[in-house]
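Chemist: Got a file for you: model-v5.txt, compact mmCIF, C-alpha atoms and all ligand atoms.
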# COMPACT_ATOMS: atom_id res chain seq x y z
CA MET A 1 -0.43 33.74 -27.86
CA PRO A 2 3.23 33.65 -26.75
CA PHE A 3 4.49 32.69 -23.30
CA GLU A 4 5.03 36.15 -21.92
CA PRO A 5 6.69 35.93 -18.50
CA PHE A 6 10.37 36.69 -18.20
CA THR A 7 10.79 38.59 -21.45
CA ALA A 8 12.64 41.92 -21.53
CA GLU A 9 9.36 43.91 -21.47
CA TRP A 10 8.01 41.77 -18.68
CA ALA A 11 11.19 42.34 -16.67
CA GLN A 12 10.84 46.12 -16.94
CA VAL A 13 7.27 46.14 -15.66
CA TYR A 14 8.19 43.68 -12.95
CA LYS A 15 11.02 45.90 -11.74
CA GLU A 16 8.58 48.80 -11.35
CA LYS A 17 6.01 46.68 -9.53
CA LEU A 18 8.61 45.29 -7.18
CA ASN A 19 10.01 48.70 -6.35
CA GLN A 20 6.47 49.85 -5.55
CA ASN A 21 5.92 47.01 -3.11
CA PRO A 22 6.54 48.36 0.41
CA GLN A 23 6.20 44.92 2.00
CA TYR A 24 8.99 43.64 -0.20
CA ARG A 25 11.18 46.62 0.61
CA GLN A 26 10.66 45.98 4.33
CA ALA A 27 11.12 42.20 4.25
CA ALA A 28 14.19 42.28 2.00
CA LYS A 29 16.09 44.97 3.89
CA THR A 30 18.93 42.61 4.71
CA TRP A 31 18.73 40.51 1.56
CA GLU A 32 21.59 40.93 -0.82
CA GLY A 33 22.27 39.12 -4.04
CA PRO A 34 20.90 38.43 -7.46
CA VAL A 35 17.99 36.07 -8.05
CA VAL A 36 16.94 34.39 -11.28
CA PHE A 37 13.49 33.13 -12.20
CA GLN A 38 13.61 30.58 -14.96
CA VAL A 39 11.09 28.74 -17.08
CA GLU A 40 12.02 25.49 -18.77
CA LYS A 41 11.60 25.30 -22.52
CA ASP A 42 8.33 23.97 -23.85
CA PRO A 43 8.37 23.62 -27.64
CA ALA A 44 4.69 22.59 -27.61
CA ILE A 45 3.78 26.23 -26.92
CA GLY A 46 6.61 27.73 -28.95
CA LEU A 47 9.06 28.23 -26.12
CA GLU A 48 12.12 26.73 -27.79
CA GLU A 49 14.70 27.60 -25.15
CA ASP A 50 14.76 27.98 -21.40
CA ARG A 51 14.10 31.61 -20.51
CA ALA A 52 15.24 33.40 -17.40
CA VAL A 53 14.99 36.81 -15.87
CA PHE A 54 17.87 38.19 -13.82
CA LEU A 55 16.99 40.34 -10.82
CA ASP A 56 19.69 42.50 -9.33
CA LEU A 57 18.40 42.82 -5.80
CA SER A 58 19.93 44.79 -3.00
CA GLN A 59 18.47 45.60 0.40
CA GLY A 60 14.86 45.75 -0.66
CA GLU A 61 15.50 47.43 -3.98
CA CYS A 62 15.48 45.98 -7.48
CA ARG A 63 18.31 47.76 -9.27
CA ASP A 64 17.85 45.96 -12.54
CA ALA A 65 15.71 43.29 -14.11
CA ARG A 66 16.64 41.86 -17.48
CA VAL A 67 16.63 38.70 -19.53
CA ALA A 68 19.43 36.65 -18.03
CA THR A 69 22.64 36.13 -19.97
CA GLU A 70 25.03 33.21 -19.47
CA GLU A 71 27.11 35.40 -17.14
CA ASP A 72 23.99 36.38 -15.21
CA LEU A 73 23.18 32.72 -14.62
CA GLN A 74 26.71 32.19 -13.35
CA ALA A 75 26.48 35.23 -11.08
CA ALA A 76 23.07 34.47 -9.62
CA GLU A 77 23.10 33.09 -6.11
CA VAL A 78 19.55 31.81 -6.33
CA ILE A 79 17.85 30.28 -9.36
CA ILE A 80 14.22 29.31 -9.07
CA SER A 81 13.05 27.23 -11.99
CA GLY A 82 9.81 25.60 -13.07
CA ASP A 83 8.06 24.24 -16.11
CA THR A 84 5.51 26.29 -18.05
CA GLN A 85 2.57 24.52 -16.40
CA THR A 86 3.75 25.24 -12.89
CA TRP A 87 4.47 28.89 -13.64
CA LYS A 88 1.08 29.23 -15.31
CA GLN A 89 -0.64 27.86 -12.22
CA VAL A 90 1.35 30.23 -10.04
CA PHE A 91 0.44 33.20 -12.25
CA ASP A 92 -3.18 32.08 -12.30
CA ARG A 93 -3.03 31.93 -8.49
CA LYS A 94 -3.98 28.28 -8.51
CA LEU A 95 -0.74 27.40 -6.75
CA GLU A 96 0.55 29.25 -3.72
CA PRO A 97 4.14 30.37 -4.29
CA ILE A 98 5.82 29.38 -1.02
CA SER A 99 4.10 25.99 -0.78
CA THR A 100 5.01 25.36 -4.40
CA LEU A 101 8.64 26.09 -3.63
CA MET A 102 8.52 23.96 -0.47
CA ARG A 103 7.04 21.07 -2.43
CA GLY A 104 9.78 21.36 -5.01
CA ARG A 105 7.39 22.08 -7.87
CA LEU A 106 9.27 25.31 -8.31
CA LYS A 107 12.79 24.04 -7.98
CA LEU A 108 15.70 25.74 -6.35
CA VAL A 109 18.22 24.72 -8.99
CA LYS A 110 20.89 26.95 -7.49
CA GLY A 111 21.18 28.28 -4.00
CA ASN A 112 20.61 27.00 -0.52
CA MET A 113 17.13 26.46 0.83
CA SER A 114 18.22 27.00 4.43
CA VAL A 115 19.63 30.41 3.43
CA LEU A 116 16.58 31.30 1.35
CA SER A 117 14.27 30.28 4.18
CA ALA A 118 15.64 33.18 6.20
CA TYR A 119 13.86 35.36 3.62
CA VAL A 120 10.47 33.66 3.33
CA MET A 121 8.54 36.90 3.57
CA ALA A 122 10.81 38.60 1.05
CA SER A 123 10.51 35.62 -1.33
CA LYS A 124 6.76 35.67 -0.93
CA GLN A 125 6.64 39.35 -1.84
CA LEU A 126 9.09 38.83 -4.68
CA LEU A 127 6.65 36.37 -6.21
CA ALA A 128 3.60 38.40 -5.22
CA SER A 129 4.91 41.34 -7.28
CA ALA A 130 5.52 39.03 -10.22
CA LEU A 131 1.83 38.15 -10.14
CA GLU A 132 1.01 41.85 -10.31
CA VAL A 133 2.45 42.05 -13.81
CA ASP A 134 -0.27 41.63 -16.41
CA THR A 135 0.93 38.41 -17.89
CA GLU A 136 -0.44 36.50 -20.82
CA ILE A 137 0.06 32.77 -20.76
CA PRO A 138 -1.19 30.45 -23.46
CA GLU A 139 -4.34 28.49 -22.75
CA GLY A 140 -4.31 24.75 -22.66
CA LEU A 141 -1.41 24.47 -20.29
CA ASP A 142 -3.19 22.95 -17.36
CA MET B 1 -33.68 9.17 18.93
CA ARG B 2 -30.05 8.20 18.65
CA VAL B 3 -28.94 5.08 16.85
CA MET B 4 -26.34 2.94 18.54
CA GLN B 5 -23.84 1.98 15.90
CA THR B 6 -22.20 -0.94 17.64
CA VAL B 7 -25.41 -2.79 18.47
CA SER B 8 -26.70 -2.31 14.96
CA GLU B 9 -25.78 -4.41 11.91
CA GLN B 10 -23.05 -1.87 11.27
CA GLY B 11 -20.81 -2.79 14.20
CA LEU B 12 -17.29 -1.41 14.09
CA ASP B 13 -15.36 -0.97 10.86
CA HIS B 14 -11.88 -2.20 11.74
CA SER B 15 -10.67 -1.72 8.19
CA MET B 16 -10.94 2.07 8.35
CA LEU B 17 -7.64 3.91 8.62
CA PRO B 18 -8.49 5.69 11.91
CA MET B 19 -9.42 2.32 13.39
CA ARG B 20 -6.14 0.80 12.22
CA LEU B 21 -4.35 3.74 13.86
CA TYR B 22 -6.37 3.12 17.02
CA HIS B 23 -5.23 -0.50 17.19
CA LYS B 24 -1.66 0.61 16.62
CA ALA B 25 -1.92 3.24 19.35
CA LYS B 26 -3.01 0.64 21.89
CA LYS B 27 0.25 -1.19 21.27
CA LEU B 28 2.74 1.61 20.58
CA GLY B 29 1.28 4.49 22.55
CA VAL B 30 1.41 2.89 25.98
CA TRP B 31 4.94 3.84 27.02
CA ASP B 32 5.25 5.45 30.43
CA PRO B 33 7.21 8.70 30.64
CA ARG B 34 8.09 7.88 34.22
CA GLU B 35 9.83 4.69 33.21
CA ILE B 36 12.38 6.42 31.03
CA ASP B 37 15.75 6.43 32.75
CA LEU B 38 17.19 9.94 32.64
CA SER B 39 20.16 9.39 34.95
CA GLN B 40 22.76 9.31 32.17
CA ASP B 41 21.06 12.34 30.60
CA ARG B 42 21.59 14.25 33.83
CA ALA B 43 25.28 13.35 33.78
CA ASP B 44 25.58 14.38 30.11
CA TRP B 45 23.75 17.63 30.77
CA ASN B 46 26.13 18.52 33.57
CA ARG B 47 29.01 18.23 31.12
CA PHE B 48 27.37 20.48 28.49
CA ASN B 49 28.96 23.89 27.92
CA ASP B 50 26.83 27.03 28.11
CA VAL B 51 25.96 27.07 24.43
CA GLU B 52 24.85 23.44 24.58
CA LYS B 53 22.82 23.98 27.73
CA GLU B 54 21.18 27.04 26.24
CA MET B 55 20.27 25.22 23.01
CA SER B 56 18.93 22.14 24.71
CA MET B 57 16.77 24.22 27.07
CA ARG B 58 15.57 26.37 24.19
CA LEU B 59 14.49 23.28 22.29
CA ASN B 60 12.90 21.77 25.37
CA SER B 61 10.96 24.96 26.03
CA LEU B 62 9.60 24.98 22.46
CA PHE B 63 8.69 21.29 22.62
CA LEU B 64 7.13 21.52 26.07
CA GLY B 65 5.08 24.62 25.24
CA GLY B 66 4.01 23.00 21.99
CA GLU B 67 2.89 19.80 23.69
CA GLU B 68 0.93 21.74 26.29
CA ALA B 69 -0.75 23.74 23.54
CA VAL B 70 -1.80 20.71 21.51
CA THR B 71 -3.08 19.00 24.66
CA ARG B 72 -5.19 21.97 25.63
CA ASP B 73 -6.43 22.73 22.12
CA LEU B 74 -7.46 19.33 20.72
CA LEU B 75 -10.79 18.86 22.50
CA PRO B 76 -13.02 20.94 20.16
CA LEU B 77 -11.97 18.79 17.22
CA ILE B 78 -12.84 15.59 19.08
CA GLN B 79 -16.21 17.12 19.95
CA VAL B 80 -16.94 17.93 16.30
CA ILE B 81 -15.99 14.44 15.12
CA SER B 82 -18.08 12.90 17.88
CA LYS B 83 -21.13 14.99 17.02
CA GLU B 84 -20.80 13.89 13.40
CA GLY B 85 -21.19 10.33 14.69
CA ARG B 86 -17.83 9.12 13.47
CA LEU B 87 -17.29 6.58 16.21
CA GLU B 88 -14.17 4.94 14.77
CA GLU B 89 -12.46 8.32 14.38
CA GLU B 90 -13.45 9.30 17.90
CA MET B 91 -12.02 6.06 19.26
CA PHE B 92 -8.68 6.90 17.68
CA LEU B 93 -8.86 10.46 18.98
CA THR B 94 -9.17 9.19 22.57
CA THR B 95 -5.65 7.78 22.19
CA PHE B 96 -4.46 10.99 20.57
CA LEU B 97 -5.28 13.30 23.48
CA TRP B 98 -3.94 10.84 26.06
CA GLU B 99 -0.66 10.63 24.16
CA GLU B 100 -0.34 14.41 24.02
CA ALA B 101 -0.74 14.50 27.80
CA LYS B 102 2.14 12.06 28.14
CA HIS B 103 4.23 14.22 25.82
CA VAL B 104 3.72 17.16 28.16
CA GLU B 105 4.71 14.93 31.05
CA ILE B 106 7.97 13.71 29.50
CA PHE B 107 9.22 17.16 28.46
CA ARG B 108 8.39 18.64 31.87
CA ARG B 109 10.05 15.67 33.51
CA MET B 110 13.25 16.37 31.55
CA VAL B 111 13.29 19.95 32.85
CA ASP B 112 12.71 18.82 36.42
CA GLU B 113 15.22 15.98 36.34
CA LEU B 114 17.93 18.21 34.93
CA GLY B 115 17.28 20.59 37.78
CA VAL B 116 16.37 23.53 35.55
CA THR B 117 14.20 26.20 37.14
CA GLY B 118 12.83 29.54 36.07
CA ASP B 119 10.56 30.78 33.33
CA LEU B 120 11.24 28.90 30.10
CA SER B 121 8.78 30.99 28.08
CA VAL B 122 11.63 33.46 27.48
CA TYR B 123 12.60 31.15 24.63
CA HIS B 124 9.29 31.65 22.83
CA SER B 125 9.96 34.00 19.92
CA ASP B 126 7.37 36.19 18.21
CA ASN B 127 7.00 33.65 15.41
CA TYR B 128 6.50 30.91 17.97
CA LYS B 129 3.90 32.96 19.80
CA ARG B 130 2.02 33.70 16.60
CA ILE B 131 1.57 30.00 16.03
CA PHE B 132 1.18 28.55 19.52
CA TYR B 133 -0.44 31.45 21.34
CA GLU B 134 -2.65 32.72 18.51
CA TYR B 135 -3.19 30.75 15.27
CA LEU B 136 -3.47 27.32 16.92
CA PRO B 137 -5.82 28.11 19.84
CA GLU B 138 -7.94 30.38 17.64
CA ALA B 139 -8.36 27.80 14.89
CA MET B 140 -9.23 25.06 17.40
CA ASP B 141 -11.54 27.20 19.53
CA ARG B 142 -13.44 28.28 16.42
CA LEU B 143 -14.69 24.68 16.16
CA ASN B 144 -16.75 25.28 19.30
CA ARG B 145 -18.92 27.70 17.33
CA ASP B 146 -18.30 26.63 13.75
CA PRO B 147 -18.01 22.94 12.89
CA SER B 148 -18.04 23.60 9.11
CA PRO B 149 -15.70 21.66 6.81
CA GLU B 150 -13.78 24.91 6.20
CA ALA B 151 -13.20 25.43 9.92
CA GLN B 152 -12.19 21.79 10.35
CA ALA B 153 -9.74 22.06 7.48
CA GLU B 154 -8.13 25.23 8.84
CA ALA B 155 -7.89 23.66 12.29
CA SER B 156 -6.31 20.48 11.00
CA VAL B 157 -3.83 22.29 8.74
CA THR B 158 -2.73 24.36 11.72
CA TYR B 159 -2.63 21.51 14.21
CA ASN B 160 -1.60 18.46 12.20
CA MET B 161 0.26 19.83 9.20
CA ILE B 162 2.09 22.83 10.62
CA VAL B 163 2.45 22.31 14.37
CA GLU B 164 2.88 18.53 14.36
CA GLY B 165 3.94 17.92 10.77
CA MET B 166 6.47 20.67 10.30
CA LEU B 167 7.55 21.92 13.70
CA ALA B 168 7.33 18.98 16.12
CA GLU B 169 8.39 16.37 13.63
CA THR B 170 11.39 18.28 12.30
CA GLY B 171 12.43 19.31 15.80
CA TYR B 172 12.16 15.79 17.19
CA TYR B 173 13.85 14.23 14.20
CA SER B 174 16.86 16.53 14.23
CA THR B 175 17.36 16.50 17.99
CA PHE B 176 17.00 12.73 18.01
CA MET B 177 19.50 12.32 15.18
CA SER B 178 22.07 14.67 16.77
CA PHE B 179 21.99 13.12 20.24
CA LYS B 180 21.98 9.64 18.78
CA ARG B 181 24.97 10.31 16.54
CA LEU B 182 26.88 11.68 19.52
CA GLY B 183 25.82 8.81 21.75
CA ILE B 184 24.55 11.19 24.44
CA MET B 185 21.27 11.75 26.30
CA PRO B 186 20.07 8.12 25.94
CA GLY B 187 16.83 8.61 27.87
CA THR B 188 15.93 11.61 25.73
CA VAL B 189 16.77 9.64 22.58
CA GLN B 190 14.50 6.84 23.77
CA ALA B 191 11.71 9.33 24.46
CA PHE B 192 12.08 10.87 21.00
CA GLU B 193 11.76 7.44 19.48
CA TYR B 194 8.37 7.01 21.17
CA LEU B 195 7.35 10.61 20.48
CA LYS B 196 8.09 10.32 16.78
CA ARG B 197 5.98 7.18 16.50
CA ASP B 198 3.06 8.81 18.31
CA GLU B 199 3.28 11.97 16.22
CA SER B 200 3.39 9.93 13.04
CA ARG B 201 -0.04 8.48 13.90
CA HIS B 202 -1.41 11.91 14.81
CA ILE B 203 -0.19 13.44 11.57
CA CYS B 204 -1.48 10.47 9.62
CA TYR B 205 -4.92 11.05 11.09
CA GLY B 206 -4.64 14.73 10.09
CA VAL B 207 -3.80 13.83 6.50
CA TYR B 208 -6.68 11.37 6.55
CA LEU B 209 -9.10 13.98 7.90
CA LEU B 210 -8.03 16.60 5.36
CA SER B 211 -8.16 14.02 2.56
CA ARG B 212 -11.67 13.05 3.57
CA LEU B 213 -12.76 16.70 3.67
CA ILE B 214 -11.19 17.34 0.25
CA ALA B 215 -12.82 14.22 -1.22
CA GLU B 216 -16.17 15.38 0.19
CA HIS B 217 -15.85 19.04 -0.88
CA ASP B 218 -13.36 19.87 -3.61
CA HIS B 219 -13.03 23.55 -2.66
CA ILE B 220 -11.45 22.49 0.64
CA TRP B 221 -8.24 21.93 -1.36
CA ASP B 222 -8.05 25.71 -1.83
CA VAL B 223 -8.86 26.32 1.83
CA VAL B 224 -5.99 24.00 2.77
CA ASN B 225 -3.56 25.71 0.41
CA LYS B 226 -4.41 29.22 1.57
CA ARG B 227 -4.09 28.28 5.21
CA MET B 228 -0.80 26.50 4.59
CA GLU B 229 0.61 29.50 2.76
CA LEU B 230 -0.42 31.79 5.60
CA LEU B 231 1.27 29.62 8.24
CA LEU B 232 4.42 28.65 6.37
CA GLU B 233 5.97 32.02 6.98
CA PRO B 234 5.77 32.03 10.80
CA ALA B 235 6.48 28.26 10.83
CA ILE B 236 9.69 28.64 8.86
CA GLY B 237 10.32 31.66 11.09
CA VAL B 238 10.23 29.44 14.18
CA VAL B 239 12.89 27.20 12.63
CA GLN B 240 14.90 30.24 11.55
CA ASP B 241 14.77 31.66 15.08
CA ILE B 242 16.59 28.51 16.21
CA ILE B 243 19.04 28.01 13.37
CA GLY B 244 19.58 31.56 12.17
CA GLU B 245 21.25 32.93 15.30
CA VAL B 246 24.57 31.14 15.09
CA ASP B 247 26.85 29.95 12.30
CA GLU B 248 27.46 26.59 13.85
CA LEU B 249 24.75 24.84 15.85
CA PRO B 250 25.76 22.70 18.83
CA PHE B 251 25.34 18.91 18.89
CA GLY B 252 26.09 18.76 15.16
CA LEU B 253 22.55 19.94 14.47
CA ASP B 254 22.44 20.34 10.73
CA LYS B 255 20.47 23.25 9.23
CA ASP B 256 20.30 21.76 5.77
CA GLU B 257 19.23 18.38 7.07
CA MET B 258 16.41 20.06 9.00
CA ILE B 259 15.16 22.03 6.03
CA GLN B 260 15.49 19.09 3.62
CA TYR B 261 13.65 16.79 6.02
CA SER B 262 10.77 19.18 6.61
CA MET B 263 10.44 19.86 2.88
CA LYS B 264 10.36 16.17 2.10
CA GLN B 265 7.65 15.49 4.67
CA PHE B 266 5.66 18.54 3.63
CA GLY B 267 5.88 17.54 -0.03
CA ALA B 268 4.76 13.96 0.58
CA ARG B 269 1.72 15.11 2.55
CA MET B 270 0.70 17.82 0.11
CA ASN B 271 0.94 15.28 -2.70
CA ALA B 272 -1.31 12.92 -0.73
CA LEU B 273 -3.84 15.71 -0.18
CA GLU B 274 -3.77 16.65 -3.84
CA ARG B 275 -4.43 13.03 -4.82
CA ALA B 276 -7.47 13.03 -2.54
CA ARG B 277 -9.21 15.39 -4.97
CA ASN B 278 -9.71 12.47 -7.31
CA LEU B 279 -10.52 9.82 -4.73
CA SER B 280 -13.74 8.68 -3.12
CA VAL B 281 -14.22 8.85 0.64
CA GLU B 282 -14.33 5.03 0.68
CA LYS B 283 -10.94 4.85 -1.01
CA ILE B 284 -9.48 7.26 1.55
CA GLN B 285 -10.87 5.25 4.44
CA GLN B 286 -9.11 2.19 3.06
CA ALA B 287 -5.83 3.99 2.33
CA THR B 288 -2.59 2.76 3.85
CA GLU B 289 -0.44 5.05 5.97
CA GLU B 290 2.17 5.08 3.19
CA GLU B 291 -0.43 6.31 0.71
CA LEU B 292 -1.11 9.22 3.04
CA GLY B 293 2.53 10.21 3.03
CA GLU B 294 3.68 8.50 6.23
CA ALA B 295 6.94 6.78 5.48
CA GLN B 296 7.24 3.80 7.82
FE FE C 301 2.74 15.42 20.94
FE FE C 302 0.70 14.99 18.39
Would you put the structure from the file into structure tokens?
Modeler:
Amino acid sequence: MPFEPFTAEWAQVYKEKLNQNPQYRQAAKTWEGPVVFQVEKDPAIGLEEDRAVFLDLSQGECRDARVATEEDLQAAEVIISGDTQTWKQVFDRKLEPISTLMRGRLKLVKGNMSVLSAYVMASKQLLASALEVDTEIPEGLD
Amino acid sequence: MRVMQTVSEQGLDHSMLPMRLYHKAKKLGVWDPREIDLSQDRADWNRFNDVEKEMSMRLNSLFLGGEEAVTRDLLPLIQVISKEGRLEEEMFLTTFLWEEAKHVEIFRRMVDELGVTGDLSVYHSDNYKRIFYEYLPEAMDRLNRDPSPEAQAEASVTYNMIVEGMLAETGYYSTFMSFKRLGIMPGTVQAFEYLKRDESRHICYGVYLLSRLIAEHDHIWDVVNKRMELLLEPAIGVVQDIIGEVDELPFGLDKDEMIQYSMKQFGARMNALERARNLSVEKIQQATEEELGEAQ
């Protein structure tokens, strides 16, 4: 079974889910700027390279979600990154997203935490919608 | 019939963490708010500009309200611990409530000495009210009817981890650092030094209590996480309500330093709680403060 999150197909479904999330729309009304979710490579489960999804977010709307290119990574104002185990636990709802970010298990590799913290509710909903995507993650990760 | 612990073979276990905190409190928790000299603070305050006055009163109002809340809300937890027959923990908790009373006294004294009058609750934002007017008193009052481990865990997360561990500690640390760097408000700086030490013991007891509950019942780890996640949003909101308004905070208060500090403390304590899942209650009772995430 492949590591599914953050592929092109995943990104498309995620975009739909996010745009159907009224709490996100409300909380992110004043939030502007692209966000990237990234998973670190894990050859043990066949993930040979880091993989990232680029979210073009504007005022509560997701205008585009795609696999991030080099330019996307440059353009992103916020990059949230984690290893496969951490993401799996988040997707399995064994880890709570905001606490995980606060504990630095999901790392803010780009961006400013004091800026992001102005959008806690939006970030929470951003991740909540990601968990809505039917996502297959290989067993044996935790 | 009741059994008297101290006249039995059992005696008192001085090696237990709460007992070590108790002995520490008897030495470090005995400062008198009335003995702090605020005369230079009054002179400094009179030289503050409007923005500085506004910010220092806003902070004082949040701290004072918070200290009153924790003083009024702690009793049900002490009652539960007492009924469970945990004498050593109860002995520590007697110092805890007394210290909170002195914290109320010192913050009110600052207001009075600076000659500030009027209703300071205008500074309490919606996020602040959610935590101090609703979540905290509700979680603590629930213990009067429901002493279950779940209720204790939710109460302690709210009281020790969020209110004391995130809000009070970060607020006291950053205000202390700013005033100290500027060489102003010496009496207030002195008070914060005492306050931080007291709070460190209170929070340490909270981490101990939660660790013990997690070691006793593994599912409490999930209860803790869910509660934390629920409260992080309004808690971060309280901080945002202070730092989000203006581009530049007075007194050199540093937004990033505040956030970094609170994340570091939060992380250390969550890691300690997670470790408790694999520890015995005996091990937790013997833990050092450092092992429970209290940097000395
Ligand atoms: Fe206090
Ligand atoms: Fe306290």
Chemist: Report as number ranges by chain all protein, DNA and RNA residues lying within 6 Å of Ala11 in chain A, evaluated on only C-alpha atoms, omitting residues in the same chain fewer than 4 positions from it.
Modeler: A: 6, 65-66
Chemist: Rounded to one decimal, what separation in Å do you get between CA of Lys180 in chain B and CA of Phe48 in chain B?
Modeler: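 Atom-to-atom, CA of Lys180 in chain B and CA of Phe48 in chain B are spaced 15.5 Å apart.
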Chemist: Calculated over all atoms listed in the file, which of the candidates B:Leu93, B:Leu21, B:Ala168, B:Ile162 has the smallest distance to ligand FE 301 (chain C)?
Modeler: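 Result for the nearest residue to ligand FE 301 (chain C): B:Ala168.
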Chemist: For ligand FE 301 (chain C), return the neighbouring residues as a list in words (distance at most 8 Å; only C-alpha atoms and all ligand atoms).
Modeler: Gly66, Glu67, Val70, Thr71, Glu99, Glu100, Ala101, Lys102, His103, Val104, Glu164, Ala168, Leu195, Asp198 and Glu199 of chain B
Chemist: May I ask which of the residues B:Asp241, B:Glu233, B:Glu291, B:Tyr159 is the closest one to chain A, counting only C-alpha atoms?
Modeler: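 Smallest separation from chain A among the options: B:Glu233.
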Chemist: I'd like the contact shell of Leu73 in chain A - 12 Å cut-off, all atoms listed in the file, skipping same-chain residues fewer than 2 positions apart - returned as a PDB file with C-alpha atoms, keeping the file's coordinate frame.
Modeler:
ATOM      1  CA  PRO A  34      20.900  38.430  -7.460  1.00  0.00           C
ATOM      2  CA  VAL A  35      17.990  36.070  -8.050  1.00  0.00           C
ATOM      3  CA  VAL A  36      16.940  34.390 -11.280  1.00  0.00           C
ATOM      4  CA  PHE A  37      13.490  33.130 -12.200  1.00  0.00           C
ATOM      5  CA  GLN A  38      13.610  30.580 -14.960  1.00  0.00           C
ATOM      6  CA  ASP A  50      14.760  27.980 -21.400  1.00  0.00           C
ATOM      7  CA  ARG A  51      14.100  31.610 -20.510  1.00  0.00           C
ATOM      8  CA  ALA A  52      15.240  33.400 -17.400  1.00  0.00           C
ATOM      9  CA  VAL A  53      14.990  36.810 -15.870  1.00  0.00           C
ATOM     10  CA  PHE A  54      17.870  38.190 -13.820  1.00  0.00           C
ATOM     11  CA  LEU A  55      16.990  40.340 -10.820  1.00  0.00           C
ATOM     12  CA  ASP A  56      19.690  42.500  -9.330  1.00  0.00           C
ATOM     13  CA  ARG A  66      16.640  41.860 -17.480  1.00  0.00           C
ATOM     14  CA  VAL A  67      16.630  38.700 -19.530  1.00  0.00           C
ATOM     15  CA  ALA A  68      19.430  36.650 -18.030  1.00  0.00           C
ATOM     16  CA  THR A  69      22.640  36.130 -19.970  1.00  0.00           C
ATOM     17  CA  GLU A  70      25.030  33.210 -19.470  1.00  0.00           C
ATOM     18  CA  GLU A  71      27.110  35.400 -17.140  1.00  0.00           C
ATOM     19  CA  ALA A  75      26.480  35.230 -11.080  1.00  0.00           C
ATOM     20  CA  ALA A  76      23.070  34.470  -9.620  1.00  0.00           C
ATOM     21  CA  GLU A  77      23.100  33.090  -6.110  1.00  0.00           C
ATOM     22  CA  VAL A  78      19.550  31.810  -6.330  1.00  0.00           C
ATOM     23  CA  ILE A  79      17.850  30.280  -9.360  1.00  0.00           C
ATOM     24  CA  ILE A  80      14.220  29.310  -9.070  1.00  0.00           C
ATOM     25  CA  SER A  81      13.050  27.230 -11.990  1.00  0.00           C
ATOM     26  CA  VAL A 109      18.220  24.720  -8.990  1.00  0.00           C
ATOM     27  CA  LYS A 110      20.890  26.950  -7.490  1.00  0.00           C
ATOM     28  CA  GLY A 111      21.180  28.280  -4.000  1.00  0.00           C
TER      29      GLY A 111
END
Chemist: Please find the residues of chain B near chain A - the criterion being any atom within 10 Å, counting all atoms listed in the file - and write them as JSON, numbers by chain.
Modeler: {"B": [222, 225, 226, 228, 229, 230, 232, 233, 234, 236, 237, 239, 240, 241, 243, 244, 255, 256, 257, 258, 259, 260, 262, 263, 264, 265, 266, 267, 268, 269, 270, 271]}
Chemist: Between CA of Glu136 in chain A and CA of Ala122 in chain A, measure the distance and give it in Å to one decimal.
Modeler: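 We find that CA of Glu136 in chain A and CA of Ala122 in chain A lie 24.7 Å from each other.
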Chemist: Pick out the closest residue to ligand FE 302 (chain C) from this set: B:Arg277, B:Lys27, B:Lys83, B:His202. Count only C-alpha atoms and all ligand atoms.
Modeler: B:His202
Chemist: Within 8 Å of Ile36 in chain B, counting only C-alpha atoms, which residues qualify if same-chain residues fewer than 3 places away don't, as a list in words?
Modeler: Asp32, Pro33, Gly187, Gln190 and Ala191 of chain B
Chemist: Can you measure CA of Ala155 in chain B to CA of Ala139 in chain B for me? One decimal in Å is fine.
Modeler: 4.9 Å
Chemist: Which residues, written as a list of chain:residue names, have at least one atom at most 9 Å from Leu38 in chain B, with all atoms listed in the file counted and residues fewer than 4 positions away on the same chain left out?
Modeler: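 The filter keeps B:Arg42, B:Ala43, B:Met110, B:Glu113, B:Leu114, B:Met185, B:Pro186, B:Gly187, B:Thr188.
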Chemist: For the point (-4.4, 22.8, 13.3) in the file's frame, write as a ChimeraX atom specification all residues with an atom no more than 9 Å away, counting all atoms listed in the file.
Modeler: /B:70,74,135-137,139-140,152-164,206
Chemist: List as a compact mmCIF listing (two decimals) with C-alpha atoms, in the coordinates of the input the protein and nucleic acid residues near Asn21 in chain A, meaning an atom at most 9 Å away when only C-alpha atoms are counted, but skip any in the same chain fewer than 3 places from it.
Modeler:
# COMPACT_ATOMS: atom_id res chain seq x y z
CA GLU A 16 8.58 48.80 -11.35
CA LYS A 17 6.01 46.68 -9.53
CA LEU A 18 8.61 45.29 -7.18
CA TYR A 24 8.99 43.64 -0.20
CA ARG A 25 11.18 46.62 0.61
CA GLN A 26 10.66 45.98 4.33
CA GLN A 125 6.64 39.35 -1.84
CA LEU A 126 9.09 38.83 -4.68
CA SER A 129 4.91 41.34 -7.28
Chemist: Between B:Met16, B:Val51, B:Ala25, B:Ile203, which one has atoms that come closest to ligand FE 302 (chain C), using all atoms listed in the file?
Modeler: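 For ligand FE 302 (chain C), the nearest of the candidates is B:Ile203.
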Chemist: Which residue is closest to ligand FE 302 (chain C)? Choose from B:Glu54, B:Asp141, B:Glu274, B:Asp73 and count only C-alpha atoms and all ligand atoms.
Modeler: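 With only C-alpha atoms and all ligand atoms as the atom set, the closest residue is B:Asp73.
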Chemist: Just checking: using all atoms listed in the file, which residue out of B:Pro250, B:Pro147, B:Gly293, B:Gly165 ends up closest to ligand FE 302 (chain C)?
Modeler: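 Of the candidates, the smallest distance to ligand FE 302 (chain C) is held by B:Gly165.
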